[in-house]
Amino acid sequence: GSHKYSGMVEDCCCEYETVDHLNEEGLYPLLQDLVKTPFFRYFKVKLWCDCPFWPEDGMCRLRDCSVCECAENEFPETFKKPFSHGLSPDNPVCQEGKPEAVVDRTIDAKAFKGWTVIDNPWTNDDETDNADMTYVNLQLNPERYTGYTGPSARRIWDAIYTENCPRYPSEEFCQEKKILYKLISGLHSSISIHIAADYLLEEATHVWGRNLTLMYDRVLRYPDRVENLYFTFLFVLRAVTKASDFLEQAEYDTGNSVEDLKSQSLVKGLLHNPKLQAACPLPFDEAKLWKGQSGPELKQQIQRQFRNISSLMDCVGCEKCRLWGKLQVLGLGTALKILFSVNGQDNMGHTLQLQHNEVIALMNLLNRLSESIKLVHEMGPAVEKAAGVP
Ligand code: FAD
């Protein structure tokens with residue numbers, strides 16, 4: 001079906017209808033398969049809740065938020081160290097739905113051959129700090145309703161919006177700052193859509209399903225939030241296509257050659273998607289922005305703001321939300337890093353290099369956004385009907 005958005009997505013190079021078509025007929029199915037492959041389903045993350053702001057309010061112990069970590073036998077072989085002694089004999093089990101259980105991090109970075117050698121200047125976590133990192137199977141931890149609400153959640157969004165990307169009156173608002181706002185807003189829309197799409201409708205009986213009213217109240221009744229979602233999707237999509245040289249040559253190696261070949265060919269299928277090339281070859285045109293003299297300075301400024309946003313993720317008082325918050329912020333940071341590179345080089349003249357974790361975050365973010373766009377497109381009419389919109 002068609003929805004009420006038409007014409008060009010603001011600041012982008014494609015139309016709403018094109019995006020919907022391209023997504024549903026091409027990108028969405030590919031991405032769904034891609035994120036299930038072993039390379040893309042494990043994410044390395046520091047899950048400690050060590051918030052530098054608002055320290056002692058015990059926010060890190062909320063219900064229904066535990067992340068289900070990988071069972072040992074699921075770890076891709078090549079992520080393991082040659083000698084894996086020192087592991088706890090207890091297999092950590094999935095803890096979702098057991099709110100009182102604390103996540104067992106016994107099997108963490110020690111069980112893996114580290115991937116990461118350099119730190120991402122866009123984010124706050126030092127990814128080389130293996131001691132604090134753990135690996136999580138994303139497939140076991142879908143982004144959905146967790147029960148995380150109230151002042152703790154609210155103040156994080158507030159801090160992100162007011163401190164990092166304030167909304168100035170449009171005229172004096174430079175284009176680039178507006179982009180940071182739109183990226184955050186688009187991500188926020190996508191998170192809200194996922195909450196609404198997979199909601200605990202009845203606590204007592206554990207019935208999960210769609211909450212159409214919530215989808216309307218949080219996102220669909222605000223056209224700019226929907227627009228920002230499309231914008232963010234196109235922005236990240238452009239970053240992926242811009243990094244295609246790197247992504248095509250990267251080794252998707254987990255020791256499972258059949259699955260790894262699948263990762264590789266799905267990435268290729270995404271980068272050389274005929275529908276994408278025909279319908280929307282340049283989803284976003286970064287050359288129009290941050291090109292002038294203020295480029296390097298602007299980059300530093302956005303980088304600083306983005307790091308603040310990244311450290312705010314340590315304050316998210318729900319482990320699963322923190323997981324997805326961190327992943328998606330890293331994904332956006334990676335997209336920014338790619339789109340700020342020129343001719344495949346950063347401003348120091350180094351060839352664009354992406355870490356495993358950055359590639360994983362980027363693709364999983366794109367997949368989340370793709371899911372949200374599909375939901376908005378498909379559910380839009382039903383949502384409006386449920387909300388009583390004439
Ligand atoms: P919120 O979503 O908290 O929004 C706060 C305010 O921000 C709104 O009142 C509005 O003024 C503004 N706003 C809302 N949406 C937009 C937008 N798209 N663009 C611009 N401004 C906007 N909860 C879960 O159940 N599952 C999760 O996985 C999850 N992940 C989270 C990840 C992060 C990083 C954070 C900070 C929170 C997460 N939460 C999650 C909590 C969730 O996002 C909401 O904060 C919570 O459900 C309360 O919602 P709310 O109605 O108060 O509005």
# chains A, B, ... in the order shown; residues from 1 in each chain; ligands from 1
>>> residues_near_ligand(ligand="ligand 1", cutoff="8 Å", atoms="only C-alpha atoms and all ligand atoms", output="ChimeraX atom specification")
/A:143-150,153-158,161,182,184-192,194-195,199,218-219,224-226,228-229,313,316,318,320-322,324-326
>>> write_last_selection(atoms="C-alpha atoms", output="tab-separated table (two decimals), in the first residue's frame")
chain	number	residue	atom	x	y	z
A	143	GLU	CA	15.29	-4.99	20.49
A	144	ARG	CA	11.82	-4.69	21.92
A	145	TYR	CA	9.81	-3.58	24.92
A	146	THR	CA	11.78	-3.96	28.14
A	147	GLY	CA	9.78	-1.98	30.63
A	148	TYR	CA	12.44	0.72	30.81
A	149	THR	CA	10.65	4.04	31.24
A	150	GLY	CA	10.31	6.89	33.61
A	153	ALA	CA	15.01	6.91	30.36
A	154	ARG	CA	13.61	10.38	29.93
A	155	ARG	CA	16.65	12.23	31.19
A	156	ILE	CA	18.88	10.39	28.77
A	157	TRP	CA	16.84	11.41	25.78
A	158	ASP	CA	16.61	14.92	27.23
A	161	TYR	CA	18.62	16.44	22.69
A	182	LYS	CA	17.91	14.26	12.54
A	184	ILE	CA	19.32	11.04	16.68
A	185	SER	CA	15.65	11.67	16.15
A	186	GLY	CA	15.54	9.03	13.41
A	187	LEU	CA	17.19	6.52	15.70
A	188	HIS	CA	14.79	7.44	18.49
A	189	SER	CA	11.85	6.83	16.14
A	190	SER	CA	13.26	3.48	15.19
A	191	ILE	CA	13.71	2.42	18.82
A	192	SER	CA	10.13	3.48	19.59
A	194	HIS	CA	10.56	-1.58	17.77
A	195	ILE	CA	9.15	-1.16	21.25
A	199	TYR	CA	5.32	-5.12	23.19
A	218	ARG	CA	5.28	8.12	19.84
A	219	VAL	CA	6.07	8.26	16.15
A	224	ASP	CA	8.98	14.94	11.31
A	225	ARG	CA	9.81	11.83	13.35
A	226	VAL	CA	8.85	9.66	10.42
A	228	ASN	CA	13.88	11.64	10.31
A	229	LEU	CA	13.61	7.87	10.30
A	313	MET	CA	24.76	5.21	26.64
A	316	VAL	CA	20.98	3.63	30.11
A	318	CYS	CA	18.48	-1.37	31.27
A	320	LYS	CA	19.27	-4.74	26.76
A	321	CYS	CA	18.50	-1.13	25.95
A	322	ARG	CA	22.12	-0.31	26.63
A	324	TRP	CA	21.10	-1.74	21.41
A	325	GLY	CA	21.78	1.87	22.30
A	326	LYS	CA	25.50	1.24	22.15
>>> residues_around(residues="A:His21", least_positions_apart="5", cutoff="12 Å", atoms="only C-alpha atoms", output="number ranges by chain")
A: 1-3, 14-16, 26-28, 275-276, 278-280, 370, 373-374, 377-378
>>> write_last_selection(atoms="N, CA and C atoms", output="compact mmCIF listing (two decimals), in the first residue's frame")
# COMPACT_ATOMS: atom_id res chain seq x y z
N GLY A 1 0.82 -1.21 0.00
CA GLY A 1 0.00 0.00 0.00
C GLY A 1 0.85 1.25 0.00
N SER A 2 0.21 2.36 -0.27
CA SER A 2 0.97 3.61 -0.28
C SER A 2 0.73 4.30 1.05
N HIS A 3 1.61 5.16 1.45
CA HIS A 3 1.32 5.91 2.66
C HIS A 3 1.34 7.38 2.37
N CYS A 14 16.30 10.65 -2.56
CA CYS A 14 15.32 9.67 -3.02
C CYS A 14 13.94 9.97 -2.43
N GLU A 15 12.93 9.42 -3.12
CA GLU A 15 11.56 9.67 -2.68
C GLU A 15 11.09 8.57 -1.72
N TYR A 16 10.11 8.95 -0.91
CA TYR A 16 9.58 8.00 0.07
C TYR A 16 9.16 6.69 -0.57
N GLY A 26 14.05 -5.33 -1.93
CA GLY A 26 15.48 -5.61 -2.09
C GLY A 26 16.25 -5.69 -0.80
N LEU A 27 16.32 -4.59 -0.08
CA LEU A 27 17.27 -4.52 1.03
C LEU A 27 16.81 -5.31 2.26
N TYR A 28 15.55 -5.18 2.59
CA TYR A 28 15.05 -5.80 3.82
C TYR A 28 15.32 -7.32 3.87
N LYS A 275 18.42 -2.95 -7.78
CA LYS A 275 17.31 -2.05 -7.47
C LYS A 275 17.83 -0.75 -6.85
N LEU A 276 18.81 -0.90 -5.98
CA LEU A 276 19.39 0.27 -5.34
C LEU A 276 20.06 1.15 -6.39
N ALA A 278 19.46 1.32 -9.53
CA ALA A 278 18.51 1.91 -10.47
C ALA A 278 17.67 3.01 -9.81
N ALA A 279 17.25 2.74 -8.58
CA ALA A 279 16.24 3.62 -7.99
C ALA A 279 16.84 4.73 -7.14
N CYS A 280 17.94 4.45 -6.52
CA CYS A 280 18.44 5.40 -5.53
C CYS A 280 19.96 5.26 -5.42
N SER A 370 15.79 -0.50 8.57
CA SER A 370 15.03 -1.11 7.48
C SER A 370 13.74 -1.76 8.02
N ILE A 373 11.27 1.06 8.88
CA ILE A 373 10.66 1.66 7.70
C ILE A 373 9.56 0.75 7.15
N LYS A 374 9.84 -0.52 7.15
CA LYS A 374 8.85 -1.47 6.67
C LYS A 374 7.61 -1.44 7.58
N HIS A 377 5.60 1.73 6.99
CA HIS A 377 4.91 1.67 5.72
C HIS A 377 3.71 0.73 5.76
N GLU A 378 3.94 -0.45 6.34
CA GLU A 378 2.88 -1.45 6.34
C GLU A 378 1.81 -1.19 7.39
>>> closest_residue(among="A:Met215, A:Met8, A:Cys51, A:Ala287", to="A:Asn343", atoms="only C-alpha atoms")
A:Ala287
>>> select_by_dssp(residues="stretch 235-332 of chain A", states="helix (DSSP H, G or I)", output="PyMOL selection string")
chain A and resi 235-242+244-249+257-271+274-279+286-288+295-315+319-332
>>> write_last_selection(atoms="C-alpha atoms", output="compact mmCIF listing (two decimals), in the first residue's frame")
# COMPACT_ATOMS: atom_id res chain seq x y z
CA PHE A 235 22.21 8.33 5.51
CA VAL A 236 23.36 4.96 6.83
CA LEU A 237 22.64 3.31 3.50
CA ARG A 238 24.86 5.86 1.78
CA ALA A 239 27.63 5.18 4.29
CA VAL A 240 27.42 1.48 3.50
CA THR A 241 27.64 2.05 -0.24
CA LYS A 242 30.44 4.56 0.18
CA SER A 244 31.86 -0.66 -0.51
CA ASP A 245 35.54 -1.05 -1.45
CA PHE A 246 36.34 -1.85 2.13
CA LEU A 247 33.29 -3.96 2.79
CA GLU A 248 33.77 -6.04 -0.29
CA GLN A 249 37.33 -6.94 0.51
CA SER A 257 33.35 -21.35 5.79
CA VAL A 258 29.83 -22.03 4.57
CA GLU A 259 28.28 -19.34 6.72
CA ASP A 260 31.14 -16.92 6.11
CA LEU A 261 30.72 -17.27 2.38
CA LYS A 262 27.09 -16.42 2.90
CA SER A 263 27.99 -13.26 4.82
CA GLN A 264 30.31 -12.27 2.02
CA SER A 265 27.83 -12.85 -0.76
CA LEU A 266 25.01 -11.10 1.09
CA VAL A 267 27.23 -8.06 1.59
CA LYS A 268 27.99 -8.11 -2.13
CA GLY A 269 24.33 -8.46 -2.91
CA LEU A 270 23.62 -5.42 -0.82
CA LEU A 271 26.38 -3.28 -2.32
CA PRO A 274 20.41 -3.58 -8.99
CA LYS A 275 17.31 -2.05 -7.47
CA LEU A 276 19.39 0.27 -5.34
CA GLN A 277 21.51 1.29 -8.28
CA ALA A 278 18.51 1.91 -10.47
CA ALA A 279 16.24 3.62 -7.99
CA GLU A 286 27.58 14.11 1.70
CA ALA A 287 29.63 16.10 -0.81
CA LYS A 288 27.11 18.89 -0.55
CA GLY A 295 34.89 21.00 7.30
CA PRO A 296 37.64 19.87 9.71
CA GLU A 297 36.43 22.09 12.51
CA LEU A 298 32.89 20.93 12.03
CA LYS A 299 33.99 17.35 12.06
CA GLN A 300 35.72 17.89 15.39
CA GLN A 301 32.67 19.50 16.84
CA ILE A 302 30.28 16.79 15.74
CA GLN A 303 32.77 14.22 16.91
CA ARG A 304 32.84 15.80 20.36
CA GLN A 305 29.06 15.89 20.56
CA PHE A 306 28.83 12.38 19.33
CA ARG A 307 31.23 11.13 21.99
CA ASN A 308 29.02 12.71 24.61
CA ILE A 309 26.06 10.86 23.20
CA SER A 310 28.10 7.71 23.24
CA SER A 311 29.02 8.12 26.92
CA LEU A 312 25.40 8.78 27.77
CA MET A 313 24.76 5.21 26.64
CA ASP A 314 26.55 4.03 29.79
CA CYS A 315 23.73 5.62 31.75
CA GLU A 319 20.97 -3.77 29.96
CA LYS A 320 19.27 -4.74 26.76
CA CYS A 321 18.50 -1.13 25.95
CA ARG A 322 22.12 -0.31 26.63
CA LEU A 323 23.20 -3.05 24.28
CA TRP A 324 21.10 -1.74 21.41
CA GLY A 325 21.78 1.87 22.30
CA LYS A 326 25.50 1.24 22.15
CA LEU A 327 25.31 -0.79 18.99
CA GLN A 328 23.24 1.77 17.14
CA VAL A 329 25.24 4.74 18.32
CA LEU A 330 28.40 2.95 17.21
CA GLY A 331 26.67 2.27 13.90
CA LEU A 332 25.86 5.94 13.46
>>> atom_distance(atom1="atom CA of A:Ala197", atom2="atom CA of A:Arg210")
4.5 Å
